[in-house]
>>> print(open('query_20.csv').read())   # CSV, C-alpha atoms and all ligand atoms
chain,number,residue,atom,x,y,z
A,221,MET,CA,98.0,-50.8,4.5
A,222,GLN,CA,95.8,-50.6,7.6
A,223,LEU,CA,93.7,-47.8,6.4
A,224,ARG,CA,92.7,-49.5,3.2
A,225,LYS,CA,91.8,-52.7,5.1
A,226,GLY,CA,89.8,-50.6,7.5
A,227,CYS,CA,87.8,-49.2,4.6
A,228,ARG,CA,87.1,-52.5,3.1
A,229,ARG,CA,86.0,-53.9,6.4
A,230,LEU,CA,83.8,-50.9,7.2
A,231,ALA,CA,82.2,-50.2,3.9
A,232,PRO,CA,80.9,-53.5,2.7
A,233,ALA,CA,77.7,-51.9,1.5
A,234,ALA,CA,79.7,-49.4,-0.5
A,235,LEU,CA,78.0,-46.6,1.1
A,236,ALA,CA,78.5,-43.2,-0.4
A,237,VAL,CA,80.7,-40.8,1.3
A,238,ALA,CA,80.9,-37.2,1.3
A,239,VAL,CA,82.7,-34.7,3.4
A,240,GLY,CA,81.8,-31.2,4.4
A,241,LEU,CA,83.1,-30.8,0.9
A,242,PHE,CA,79.9,-30.5,-1.1
A,243,ALA,CA,79.4,-27.0,-1.9
A,244,ARG,CA,76.2,-26.2,-3.6
A,245,GLY,CA,77.9,-25.1,-6.7
A,246,LEU,CA,79.5,-28.5,-7.2
A,247,ALA,CA,76.4,-30.2,-8.3
A,248,ALA,CA,78.1,-33.4,-9.3
A,249,LEU,CA,79.8,-33.7,-5.9
A,250,LEU,CA,76.6,-32.8,-4.2
A,251,ALA,CA,74.8,-35.5,-6.1
A,252,LEU,CA,77.3,-38.0,-4.8
A,253,GLY,CA,76.9,-36.7,-1.3
A,254,LEU,CA,73.2,-37.3,-1.5
A,255,ALA,CA,73.5,-40.7,-3.0
A,256,PHE,CA,74.6,-42.6,0.0
A,257,THR,CA,71.7,-45.0,-0.3
A,258,ALA,CA,72.5,-45.7,-3.9
A,259,GLY,CA,75.7,-47.5,-2.8
A,260,LEU,CA,78.2,-45.1,-4.4
A,261,THR,CA,81.7,-45.1,-3.0
A,262,PHE,CA,82.9,-41.6,-3.5
A,263,ALA,CA,86.0,-42.4,-1.5
A,264,ALA,CA,87.3,-44.5,-4.4
A,265,ARG,CA,87.8,-41.3,-6.3
A,266,LEU,CA,89.7,-39.6,-3.6
A,267,GLY,CA,92.5,-42.0,-3.0
A,268,VAL,CA,93.7,-43.8,0.1
A,269,GLY,CA,93.7,-40.9,2.5
A,270,ALA,CA,90.2,-40.1,1.7
A,271,ARG,CA,89.2,-43.7,2.2
A,272,ALA,CA,90.7,-43.6,5.6
A,273,VAL,CA,88.7,-40.5,6.4
A,274,MET,CA,85.5,-41.9,5.2
A,275,ALA,CA,85.8,-45.5,6.3
A,276,GLY,CA,82.3,-46.7,7.0
A,277,ALA,CA,80.9,-43.2,6.5
A,278,VAL,CA,77.6,-42.3,5.1
A,279,THR,CA,77.7,-38.6,5.0
A,280,ALA,CA,79.7,-35.7,6.3
A,281,ARG,CA,79.4,-32.0,5.8
A,282,GLY,CA,79.8,-28.7,7.5
A,283,VAL,CA,81.5,-25.4,7.0
A,284,SER,CA,83.8,-25.9,10.0
A,285,ALA,CA,84.1,-28.4,12.8
A,286,ARG,CA,82.0,-26.2,15.0
A,287,ALA,CA,79.3,-26.4,12.4
A,288,ALA,CA,79.8,-30.1,12.2
A,289,ILE,CA,79.4,-30.5,15.9
A,290,VAL,CA,76.3,-28.3,15.9
A,291,ALA,CA,74.9,-30.4,13.1
A,292,ALA,CA,75.3,-33.5,15.2
A,293,PHE,CA,73.7,-31.6,18.2
A,294,SER,CA,70.8,-30.9,15.9
A,295,LEU,CA,69.6,-34.4,16.7
A,296,LEU,CA,68.7,-33.2,20.2
A,297,LYS,CA,65.2,-31.9,21.0
A,298,GLN,CA,63.9,-29.6,23.7
A,299,GLY,CA,64.0,-31.5,27.0
A,300,ASP,CA,66.8,-33.8,26.1
A,301,HIS,CA,70.0,-34.0,28.1
A,302,LEU,CA,73.5,-34.0,26.6
A,303,LEU,CA,76.6,-35.2,28.5
A,304,ILE,CA,79.9,-33.5,27.5
A,305,ALA,CA,83.3,-34.7,28.7
A,306,THR,CA,84.9,-32.1,31.0
A,307,ASP,CA,88.2,-32.4,29.0
A,308,ILE,CA,87.0,-31.1,25.7
A,309,TYR,CA,87.8,-28.5,23.0
A,310,GLY,CA,86.7,-25.0,24.1
A,311,GLY,CA,84.4,-24.6,21.2
A,312,THR,CA,82.4,-27.7,22.1
A,313,PHE,CA,82.2,-26.4,25.7
A,314,ARG,CA,81.0,-23.0,24.4
A,315,VAL,CA,78.1,-24.5,22.4
A,316,GLY,CA,77.2,-26.8,25.4
A,317,GLU,CA,77.3,-24.1,27.9
A,318,LYS,CA,76.1,-21.0,26.1
A,319,ILE,CA,73.9,-22.1,23.2
A,320,LEU,CA,72.1,-25.4,23.8
A,321,PRO,CA,70.6,-24.4,27.2
A,322,ASN,CA,68.8,-21.5,25.5
A,323,GLN,CA,67.2,-24.0,23.1
A,324,GLY,CA,65.8,-26.1,26.0
A,325,VAL,CA,68.6,-28.8,26.0
A,326,ASP,CA,70.0,-29.8,29.4
A,327,VAL,CA,73.7,-30.0,29.5
A,328,SER,CA,76.0,-31.4,32.1
A,329,PHE,CA,79.5,-32.8,32.2
A,330,PHE,CA,81.2,-36.2,32.9
A,331,ASP,CA,84.7,-37.4,33.4
A,332,ALA,CA,85.6,-39.3,30.3
A,333,SER,CA,88.8,-40.6,31.8
A,334,CYS,CA,86.6,-42.8,34.0
A,335,PRO,CA,84.1,-44.6,31.7
A,336,ASP,CA,81.9,-45.6,34.6
A,337,SER,CA,81.3,-42.0,35.4
A,338,LEU,CA,78.9,-42.0,32.4
A,339,LEU,CA,76.6,-44.4,34.2
A,340,GLU,CA,76.5,-42.1,37.2
A,341,ALA,CA,76.1,-38.9,35.2
A,342,ALA,CA,73.3,-40.1,33.0
A,343,ARG,CA,69.7,-39.0,33.7
A,344,PRO,CA,66.4,-40.4,32.5
A,345,ASN,CA,66.3,-37.8,29.7
A,346,THR,CA,70.0,-38.2,28.6
A,347,LYS,CA,70.1,-38.7,24.8
A,348,MET,CA,73.6,-38.1,23.7
A,349,VAL,CA,77.2,-38.0,24.9
A,350,ILE,CA,80.2,-36.2,23.3
A,351,PHE,CA,83.9,-36.7,24.0
A,352,GLU,CA,87.3,-36.6,22.3
A,353,SER,CA,90.7,-38.3,22.5
A,354,PRO,CA,93.5,-37.3,22.6
A,355,THR,CA,91.9,-34.3,24.3
A,356,ASN,CA,92.6,-30.6,23.6
A,357,PRO,CA,94.9,-29.4,25.1
A,358,ASN,CA,95.7,-31.9,27.8
A,359,LEU,CA,96.2,-34.9,25.5
A,360,ARG,CA,94.5,-37.3,27.8
A,361,VAL,CA,93.6,-40.5,26.0
A,362,MET,CA,90.0,-41.8,26.7
A,363,ASP,CA,89.0,-45.4,26.3
A,364,ILE,CA,86.7,-45.0,23.3
A,365,ALA,CA,85.3,-48.6,23.2
A,366,ALA,CA,84.6,-48.6,27.0
A,367,ILE,CA,82.7,-45.3,26.8
A,368,ALA,CA,80.8,-46.4,23.7
A,369,GLU,CA,79.9,-49.7,25.4
A,370,ARG,CA,78.5,-47.9,28.5
A,371,ALA,CA,76.6,-45.4,26.3
A,372,LYS,CA,75.0,-48.3,24.3
A,373,ARG,CA,74.0,-49.9,27.6
A,374,LEU,CA,72.2,-46.6,28.4
A,375,GLY,CA,70.7,-46.2,24.9
A,376,LEU,CA,72.7,-43.0,24.3
A,377,LEU,CA,73.9,-41.7,21.0
A,378,THR,CA,77.7,-41.2,21.0
A,379,ILE,CA,79.5,-38.4,19.3
A,380,PHE,CA,83.3,-38.5,19.1
A,381,ASP,CA,85.6,-35.7,18.0
A,382,ASN,CA,88.5,-37.4,16.1
A,383,THR,CA,90.3,-34.1,15.1
A,384,PHE,CA,93.5,-34.7,17.1
A,385,ALA,CA,94.2,-38.3,16.0
A,386,SER,CA,92.8,-38.0,12.5
A,387,PRO,CA,91.4,-41.1,10.7
A,388,ALA,CA,95.0,-42.2,10.0
A,389,LEU,CA,95.5,-43.1,13.7
A,390,GLN,CA,92.1,-44.2,14.8
A,391,ASN,CA,88.7,-45.1,13.4
A,392,PRO,CA,86.1,-44.6,16.2
A,393,LEU,CA,83.2,-46.0,14.2
A,394,ALA,CA,84.9,-49.4,14.5
A,395,LEU,CA,85.0,-48.9,18.3
A,396,GLY,CA,81.3,-48.5,18.6
A,397,ILE,CA,80.9,-44.7,18.1
A,398,ASP,CA,77.7,-43.6,16.3
A,399,ILE,CA,78.9,-40.2,15.0
A,400,VAL,CA,82.4,-39.0,14.4
A,401,VAL,CA,83.1,-35.3,13.9
A,402,HIS,CA,86.3,-33.9,12.4
A,403,SER,CA,87.7,-30.4,12.0
A,404,THR,CA,88.9,-30.9,8.4
A,405,THR,CA,90.6,-27.5,8.9
A,406,LYS,CA,93.3,-29.5,10.8
A,407,TYR,CA,95.1,-32.7,9.8
A,408,ILE,CA,92.7,-33.8,7.1
A,409,SER,CA,93.3,-30.8,4.8
A,410,GLY,CA,96.7,-30.4,6.5
A,411,HIS,CA,97.9,-27.1,5.1
A,412,SER,CA,96.1,-24.4,7.3
A,413,ASP,CA,94.4,-23.0,4.3
A,414,ILE,CA,90.8,-24.0,4.6
A,415,ILE,CA,88.0,-24.1,7.3
A,416,GLY,CA,85.9,-27.3,7.2
A,417,GLY,CA,84.2,-29.9,9.2
A,418,ALA,CA,82.9,-33.4,8.7
A,419,VAL,CA,80.3,-35.6,10.3
A,420,VAL,CA,80.8,-39.3,9.7
A,421,THR,CA,78.4,-42.1,10.5
A,422,ASN,CA,77.4,-45.5,9.2
A,423,ASP,CA,73.8,-45.0,10.2
A,424,ASP,CA,71.6,-44.0,7.2
A,425,ALA,CA,68.9,-42.4,9.4
A,426,ILE,CA,71.4,-40.3,11.3
A,427,ALA,CA,73.1,-39.3,8.1
A,428,TYR,CA,69.9,-38.3,6.5
A,429,ALA,CA,68.8,-36.2,9.5
A,430,ILE,CA,72.1,-34.4,9.5
A,431,PHE,CA,72.0,-33.9,5.7
A,432,GLU,CA,68.5,-32.4,6.0
A,433,TRP,CA,69.6,-30.1,8.8
A,434,ASN,CA,72.7,-28.9,6.8
A,435,LYS,CA,70.6,-28.3,3.7
A,436,ALA,CA,68.1,-26.3,5.8
A,437,VAL,CA,70.7,-24.1,7.4
A,438,GLY,CA,73.0,-23.8,4.4
A,439,SER,CA,76.1,-24.8,6.3
A,440,VAL,CA,78.3,-25.7,3.3
A,441,PRO,CA,81.9,-24.8,2.4
A,442,SER,CA,83.1,-23.1,-0.7
A,443,PRO,CA,84.1,-25.1,-3.8
A,444,PHE,CA,87.7,-24.0,-3.5
A,445,ASP,CA,87.9,-25.2,0.2
A,446,CYS,CA,86.5,-28.5,-1.0
A,447,TRP,CA,89.1,-28.8,-3.7
A,448,LEU,CA,91.9,-28.0,-1.3
A,449,THR,CA,90.6,-30.5,1.2
A,450,LEU,CA,90.5,-33.2,-1.4
A,451,ARG,CA,94.0,-32.4,-2.4
A,452,GLY,CA,95.2,-32.3,1.2
A,453,VAL,CA,93.7,-35.6,2.3
A,454,LYS,CA,95.6,-37.6,-0.2
A,455,THR,CA,98.8,-37.0,1.8
A,456,LEU,CA,97.2,-37.6,5.2
A,457,GLY,CA,99.0,-40.9,5.9
A,458,VAL,CA,102.5,-39.6,5.1
A,459,ARG,CA,102.0,-36.3,6.9
A,460,MET,CA,100.7,-38.1,10.0
A,461,ARG,CA,103.8,-40.3,10.1
A,462,GLN,CA,106.1,-37.3,10.1
A,463,HIS,CA,103.9,-35.4,12.6
A,464,CYS,CA,104.0,-38.3,15.0
A,465,ALA,CA,107.8,-38.9,14.6
A,466,ASN,CA,108.6,-35.2,15.1
A,467,ALA,CA,106.2,-34.8,18.1
A,468,GLN,CA,107.8,-37.8,19.8
A,469,LYS,CA,111.3,-36.2,19.5
A,470,VAL,CA,110.0,-32.8,20.6
A,471,ALA,CA,108.2,-34.3,23.7
A,472,GLU,CA,111.3,-36.2,24.7
A,473,PHE,CA,113.4,-33.0,24.4
A,474,LEU,CA,111.0,-31.0,26.5
A,475,ALA,CA,110.7,-33.7,29.1
A,476,ASN,CA,114.4,-33.3,29.8
A,477,HIS,CA,114.5,-29.5,29.8
A,478,PRO,CA,115.1,-27.7,33.1
A,479,LYS,CA,112.7,-24.9,32.2
A,480,VAL,CA,109.8,-27.3,31.6
A,481,ASP,CA,107.6,-28.5,34.4
A,482,HIS,CA,105.3,-31.2,32.8
A,483,VAL,CA,105.0,-32.6,29.3
A,484,TYR,CA,101.7,-34.0,28.1
A,485,PHE,CA,102.3,-36.4,25.2
A,486,PRO,CA,100.7,-39.9,25.1
A,487,GLY,CA,103.9,-41.3,23.5
A,488,LEU,CA,105.9,-40.7,26.7
A,489,PRO,CA,106.0,-43.7,29.0
A,490,THR,CA,105.4,-41.3,31.9
A,491,HIS,CA,102.0,-40.3,30.4
A,492,PRO,CA,99.2,-41.6,32.6
A,493,ASP,CA,97.4,-43.1,29.5
A,494,HIS,CA,100.4,-44.4,27.7
A,495,ALA,CA,99.3,-48.0,27.8
A,496,LEU,CA,95.8,-47.2,26.5
A,497,ALA,CA,97.3,-44.9,23.8
A,498,LYS,CA,99.6,-47.7,22.6
A,499,LYS,CA,96.5,-50.0,22.3
A,500,GLN,CA,94.1,-47.5,20.8
A,501,LEU,CA,96.2,-45.3,18.5
A,502,ARG,CA,97.7,-46.9,15.4
A,503,GLY,CA,101.2,-46.0,14.1
A,504,GLY,CA,102.0,-43.1,16.4
A,505,PHE,CA,100.7,-40.8,19.2
A,506,GLY,CA,99.8,-37.8,17.2
A,507,GLY,CA,101.4,-34.5,16.5
A,508,MET,CA,100.3,-32.5,19.5
A,509,VAL,CA,102.4,-31.8,22.5
A,510,SER,CA,101.4,-29.8,25.6
A,511,PHE,CA,103.6,-28.7,28.4
A,512,GLU,CA,103.9,-26.3,31.3
A,513,ILE,CA,106.7,-23.8,31.4
A,514,LYS,CA,108.3,-23.0,34.7
A,515,GLY,CA,107.4,-19.5,36.0
A,516,GLY,CA,104.4,-17.5,35.0
A,517,TYR,CA,102.9,-15.4,32.3
A,518,ALA,CA,106.1,-13.5,31.6
A,519,GLU,CA,107.9,-16.7,30.8
A,520,VAL,CA,105.0,-17.9,28.6
A,521,LYS,CA,105.1,-14.6,26.7
A,522,ALA,CA,108.9,-14.6,26.3
A,523,PHE,CA,108.8,-18.2,25.0
A,524,CYS,CA,105.8,-17.7,22.6
A,525,GLU,CA,107.5,-14.5,21.2
A,526,GLY,CA,110.9,-16.1,21.1
A,527,THR,CA,110.4,-18.9,18.6
A,528,LYS,CA,111.5,-18.5,15.0
A,529,ILE,CA,109.9,-21.5,13.3
A,530,PHE,CA,106.9,-22.2,15.6
A,531,ILE,CA,104.3,-19.5,14.9
A,532,LEU,CA,101.9,-18.3,17.5
A,533,ALA,CA,98.5,-19.2,16.2
A,534,GLU,CA,95.4,-20.9,17.4
A,535,SER,CA,94.9,-23.7,14.8
A,536,LEU,CA,96.7,-27.0,14.5
A,537,GLY,CA,97.3,-30.0,12.3
A,538,GLY,CA,99.0,-28.2,9.4
A,539,ILE,CA,102.4,-28.9,8.0
A,540,GLU,CA,103.9,-26.0,9.8
A,541,SER,CA,104.6,-25.9,13.6
A,542,LEU,CA,102.4,-23.7,15.7
A,543,ILE,CA,102.2,-22.7,19.4
A,544,ALA,CA,99.0,-21.9,21.1
A,545,TYR,CA,98.3,-20.5,24.6
A,546,PRO,CA,95.0,-22.3,25.5
A,547,ALA,CA,94.1,-20.0,28.4
A,548,LYS,CA,93.8,-17.0,26.0
A,549,MET,CA,93.0,-18.8,22.8
A,550,SER,CA,91.1,-22.1,22.4
A,551,HIS,CA,89.8,-22.3,25.9
A,552,ALA,CA,89.3,-18.5,26.6
A,553,THR,CA,85.5,-19.0,27.0
A,554,MET,CA,86.1,-21.0,30.2
A,555,THR,CA,86.5,-19.2,33.4
A,556,GLU,CA,89.9,-19.6,35.1
A,557,GLU,CA,88.3,-21.8,37.7
A,558,GLN,CA,86.8,-24.1,35.0
A,559,ARG,CA,90.2,-24.2,33.2
A,560,LEU,CA,92.0,-25.1,36.4
A,561,GLU,CA,89.5,-27.8,37.1
A,562,VAL,CA,90.4,-29.6,33.8
A,563,GLY,CA,94.2,-28.9,34.2
A,564,ILE,CA,94.6,-25.9,31.9
A,565,LEU,CA,97.0,-23.7,33.8
A,566,PRO,CA,98.2,-20.2,33.2
A,567,THR,CA,101.6,-21.8,32.2
A,568,SER,CA,100.1,-24.4,29.8
A,569,ILE,CA,101.4,-24.2,26.3
A,570,ARG,CA,100.2,-26.3,23.3
A,571,LEU,CA,102.4,-27.2,20.3
A,572,SER,CA,101.2,-28.4,17.0
A,573,VAL,CA,104.3,-30.1,15.8
A,574,GLY,CA,104.6,-29.8,12.0
A,575,ILE,CA,106.6,-31.8,9.5
A,576,GLU,CA,109.7,-29.7,9.3
A,577,ASP,CA,113.1,-31.1,10.2
A,578,ALA,CA,112.9,-32.3,13.9
A,579,ASP,CA,116.3,-31.0,14.8
A,580,ASP,CA,115.4,-27.5,13.5
A,581,LEU,CA,112.3,-27.6,15.6
A,582,ILE,CA,114.2,-28.7,18.7
A,583,GLU,CA,116.8,-26.0,18.1
A,584,ASP,CA,114.1,-23.4,17.8
A,585,LEU,CA,112.4,-24.5,21.1
A,586,GLU,CA,115.8,-24.6,22.8
A,587,GLN,CA,116.6,-21.0,21.9
A,588,ALA,CA,113.1,-19.8,22.8
A,589,LEU,CA,113.3,-21.5,26.2
A,590,GLU,CA,116.6,-19.8,26.9
A,591,LYS,CA,114.8,-16.4,26.5
A,592,ALA,CA,112.0,-17.5,28.9
B,601,LIG,C1,89.3,-31.0,18.9
B,601,LIG,C2,88.7,-29.9,18.1
B,601,LIG,N1,87.5,-30.0,17.5
B,601,LIG,C3,87.0,-29.0,16.8
B,601,LIG,C4,87.7,-27.8,16.5
B,601,LIG,C5,87.1,-26.7,15.7
B,601,LIG,O1,87.6,-26.7,14.5
B,601,LIG,P1,87.1,-25.6,13.4
B,601,LIG,O2,88.0,-24.5,13.5
B,601,LIG,O3,87.2,-26.3,12.1
B,601,LIG,O4,85.7,-25.3,13.7
B,601,LIG,C6,89.0,-27.7,17.1
B,601,LIG,C7,89.7,-26.5,16.9
B,601,LIG,O5,90.8,-26.2,17.4
B,601,LIG,C8,89.5,-28.7,17.9
B,601,LIG,O6,90.7,-28.6,18.5
>>> encode(input="query_20.csv", output="structure tokens")
Amino acid sequence: MQLRKGCRRLAPAALAVAVGLFARGLAALLALGLAFTAGLTFAARLGVGARAVMAGAVTARGVSARAAIVAAFSLLKQGDHLLIATDIYGGTFRVGEKILPNQGVDVSFFDASCPDSLLEAARPNTKMVIFESPTNPNLRVMDIAAIAERAKRLGLLTIFDNTFASPALQNPLALGIDIVVHSTTKYISGHSDIIGGAVVTNDDAIAYAIFEWNKAVGSVPSPFDCWLTLRGVKTLGVRMRQHCANAQKVAEFLANHPKVDHVYFPGLPTHPDHALAKKQLRGGFGGMVSFEIKGGYAEVKAFCEGTKIFILAESLGGIESLIAYPAKMSHATMTEEQRLEVGILPTSIRLSVGIEDADDLIEDLEQALEKA
């Protein structure tokens, strides 16, 4: 299985692994989390899914993905400059725009769909770059290796948010990324019943700096969340296969529906990044599908209120199907102008396609679209 191979290839030094799973009360787990230099392979205890998550990892922790992202940003100092991809999760945008400037960190944005734009956007004080792929909610696919290569040329630290693909579909450390962050809330735990985040790196110094920061600020999850995450990650591979298969069918259905304007799903040949997605993602195109409904807010509302299986909720990556309305949910921090600039329209709808029966899901969408 690819994931196991990846783990063997990436963890020759048998580095210890930990997730944002090490609550203080779990002393034994914490000890393992601390022991990365001792050559422990905690992943071995967690099964294949966990190995995939942790391939090449040294450490990872955080009470949510936002905490994990902030932990990675803690490597920045006053006067440093951070480059954030314009097409990014709203929470990352929020930290970049509202928090970091108050701490003396310069922040600006670059277009990750064009790797060379990094070369133009970098400044003498640029230290770090953060991006994601597939992106939330537009599902653009960015060339991870190309961006990592340009960042290396400039001596920048790369942070990559792998939440949407999950480690089952892509391993960014193998593509040259320095630090990977995950919302373990999503596919990794997989059942919408915990909040957690992980920071994954194969660099001991970075791992230790982040560990120290986490220890200092006390950003650790509860033991029960840790246990649920460990249980969830064991089925990551099978869940992802079903998410991908269902999302492909849902995207194809929506693409042919008269009430739908545009469908954003990297698995459709019409998607602008389809060729890159085929090369970069392994075994599927993910479980997220975005689309624009014809009409305006009234149609959005009727559709979102009209589904019976899809639940209107902001999260994603769980076994059950969810609908989100990015303009008022995940990307509400952005101004309308900022949203329009990155292609989040008032009619944009995001689906997290679960692992239910695909025909039931399509039937549900069909009857809700009829009401819209
Ligand atoms: C790409 C991405 N990263 C991070 C997060 C934040 O996750 P958490 O709720 O675990 O902080 C989200 C949440 O939707 C997300 O979509």
>>> residues_near_ligand(input="query_20.csv", ligand="ligand LIG 601 (chain B)", cutoff="10 Å", atoms="only C-alpha atoms and all ligand atoms", output="JSON list (two decimals) with C-alpha atoms, keeping the file's coordinate frame")
[["chain", "number", "residue", "atom", "x", "y", "z"],
["A", 282, "GLY", "CA", 79.80, -28.70, 7.50],
["A", 283, "VAL", "CA", 81.50, -25.40, 7.00],
["A", 284, "SER", "CA", 83.80, -25.90, 10.00],
["A", 285, "ALA", "CA", 84.10, -28.40, 12.80],
["A", 286, "ARG", "CA", 82.00, -26.20, 15.00],
["A", 287, "ALA", "CA", 79.30, -26.40, 12.40],
["A", 288, "ALA", "CA", 79.80, -30.10, 12.20],
["A", 289, "ILE", "CA", 79.40, -30.50, 15.90],
["A", 308, "ILE", "CA", 87.00, -31.10, 25.70],
["A", 309, "TYR", "CA", 87.80, -28.50, 23.00],
["A", 310, "GLY", "CA", 86.70, -25.00, 24.10],
["A", 311, "GLY", "CA", 84.40, -24.60, 21.20],
["A", 312, "THR", "CA", 82.40, -27.70, 22.10],
["A", 351, "PHE", "CA", 83.90, -36.70, 24.00],
["A", 352, "GLU", "CA", 87.30, -36.60, 22.30],
["A", 353, "SER", "CA", 90.70, -38.30, 22.50],
["A", 354, "PRO", "CA", 93.50, -37.30, 22.60],
["A", 355, "THR", "CA", 91.90, -34.30, 24.30],
["A", 356, "ASN", "CA", 92.60, -30.60, 23.60],
["A", 357, "PRO", "CA", 94.90, -29.40, 25.10],
["A", 380, "PHE", "CA", 83.30, -38.50, 19.10],
["A", 381, "ASP", "CA", 85.60, -35.70, 18.00],
["A", 382, "ASN", "CA", 88.50, -37.40, 16.10],
["A", 383, "THR", "CA", 90.30, -34.10, 15.10],
["A", 384, "PHE", "CA", 93.50, -34.70, 17.10],
["A", 385, "ALA", "CA", 94.20, -38.30, 16.00],
["A", 401, "VAL", "CA", 83.10, -35.30, 13.90],
["A", 402, "HIS", "CA", 86.30, -33.90, 12.40],
["A", 403, "SER", "CA", 87.70, -30.40, 12.00],
["A", 404, "THR", "CA", 88.90, -30.90, 8.40],
["A", 405, "THR", "CA", 90.60, -27.50, 8.90],
["A", 406, "LYS", "CA", 93.30, -29.50, 10.80],
["A", 414, "ILE", "CA", 90.80, -24.00, 4.60],
["A", 415, "ILE", "CA", 88.00, -24.10, 7.30],
["A", 416, "GLY", "CA", 85.90, -27.30, 7.20],
["A", 417, "GLY", "CA", 84.20, -29.90, 9.20],
["A", 418, "ALA", "CA", 82.90, -33.40, 8.70],
["A", 534, "GLU", "CA", 95.40, -20.90, 17.40],
["A", 535, "SER", "CA", 94.90, -23.70, 14.80],
["A", 536, "LEU", "CA", 96.70, -27.00, 14.50],
["A", 537, "GLY", "CA", 97.30, -30.00, 12.30],
["A", 544, "ALA", "CA", 99.00, -21.90, 21.10],
["A", 546, "PRO", "CA", 95.00, -22.30, 25.50],
["A", 549, "MET", "CA", 93.00, -18.80, 22.80],
["A", 550, "SER", "CA", 91.10, -22.10, 22.40],
["A", 551, "HIS", "CA", 89.80, -22.30, 25.90]]
>>> closest_residue(input="query_20.csv", among="A:Asp584, A:Asp424, A:Asp398, A:Asp363", to="A:Lys499", atoms="all atoms listed in the file")
A:Asp363
>>> residues_around(input="query_20.csv", residues="A:Gly574", least_positions_apart="6", cutoff="6 Å", atoms="only C-alpha atoms", output="count of residues only")
4
>>> closest_residue(input="query_20.csv", among="A:Ala471, A:Ile408, A:Leu589, A:Val315", to="A:Arg451", atoms="only C-alpha atoms")
A:Ile408
>>> atom_distance(input="query_20.csv", atom1="atom CA of A:Pro478", atom2="atom CA of A:Ile582")
14.5 Å
>>> atom_distance(input="query_20.csv", atom1="atom CA of A:Thr490", atom2="atom CA of A:Glu472")
10.6 Å
>>> residues_around(input="query_20.csv", residues="A:Leu339", least_positions_apart="4", cutoff="8 Å", atoms="all atoms listed in the file", output="number ranges by chain")
A: 335, 370-371, 374
>>> atom_distance(input="query_20.csv", atom1="atom CA of A:Ile399", atom2="atom CA of A:Phe444")
26.1 Å
>>> residues_around(input="query_20.csv", residues="A:Val470", least_positions_apart="4", cutoff="10 Å", atoms="all atoms listed in the file", output="JSON, numbers by chain")
{"A": [464, 465, 466, 474, 475, 485, 507, 508, 509, 571, 573, 578, 579, 581, 582, 583, 585]}
>>> closest_residue(input="query_20.csv", among="A:Thr527, A:Asn422, A:Thr455, A:Asn358", to="A:Ala388", atoms="all atoms listed in the file")
A:Thr455
>>> closest_residue(input="query_20.csv", among="A:Gln462, A:Trp447, A:Leu376, A:Ile364", to="A:Asp577", atoms="only C-alpha atoms")
A:Gln462
>>> residues_around(input="query_20.csv", residues="A:Lys514", least_positions_apart="5", cutoff="6 Å", atoms="all atoms listed in the file", output="number ranges by chain")
A: 479-481
>>> closest_residue(input="query_20.csv", among="A:His491, A:Thr306, A:Glu317, A:Lys498", to="A:Glu561", atoms="all atoms listed in the file")
A:Thr306
>>> build_atoms(input="query_20.csv", residues="stretch 324-333 of chain A", atoms="N, CA and C atoms", output="compact mmCIF listing (two decimals), in the frame of the given file")
# COMPACT_ATOMS: atom_id res chain seq x y z
N GLY A 324 66.61 -25.13 25.20
CA GLY A 324 65.80 -26.10 26.00
C GLY A 324 66.52 -27.46 26.15
N VAL A 325 67.82 -27.53 25.81
CA VAL A 325 68.60 -28.80 26.00
C VAL A 325 69.34 -28.70 27.31
N ASP A 326 69.19 -29.71 28.16
CA ASP A 326 70.00 -29.80 29.40
C ASP A 326 71.36 -30.24 29.09
N VAL A 327 72.33 -29.61 29.71
CA VAL A 327 73.70 -30.00 29.50
C VAL A 327 74.42 -30.20 30.80
N SER A 328 75.15 -31.29 30.94
CA SER A 328 76.00 -31.40 32.10
C SER A 328 77.29 -32.16 31.64
N PHE A 329 78.23 -32.32 32.56
CA PHE A 329 79.50 -32.80 32.20
C PHE A 329 79.87 -34.13 32.89
N PHE A 330 80.74 -34.91 32.28
CA PHE A 330 81.20 -36.20 32.90
C PHE A 330 82.69 -36.33 32.69
N ASP A 331 83.29 -37.16 33.51
CA ASP A 331 84.70 -37.40 33.40
C ASP A 331 85.02 -38.57 32.52
N ALA A 332 85.41 -38.26 31.27
CA ALA A 332 85.60 -39.30 30.30
C ALA A 332 86.80 -40.21 30.60
N SER A 333 87.68 -39.75 31.51
CA SER A 333 88.80 -40.60 31.80
C SER A 333 88.38 -41.77 32.73
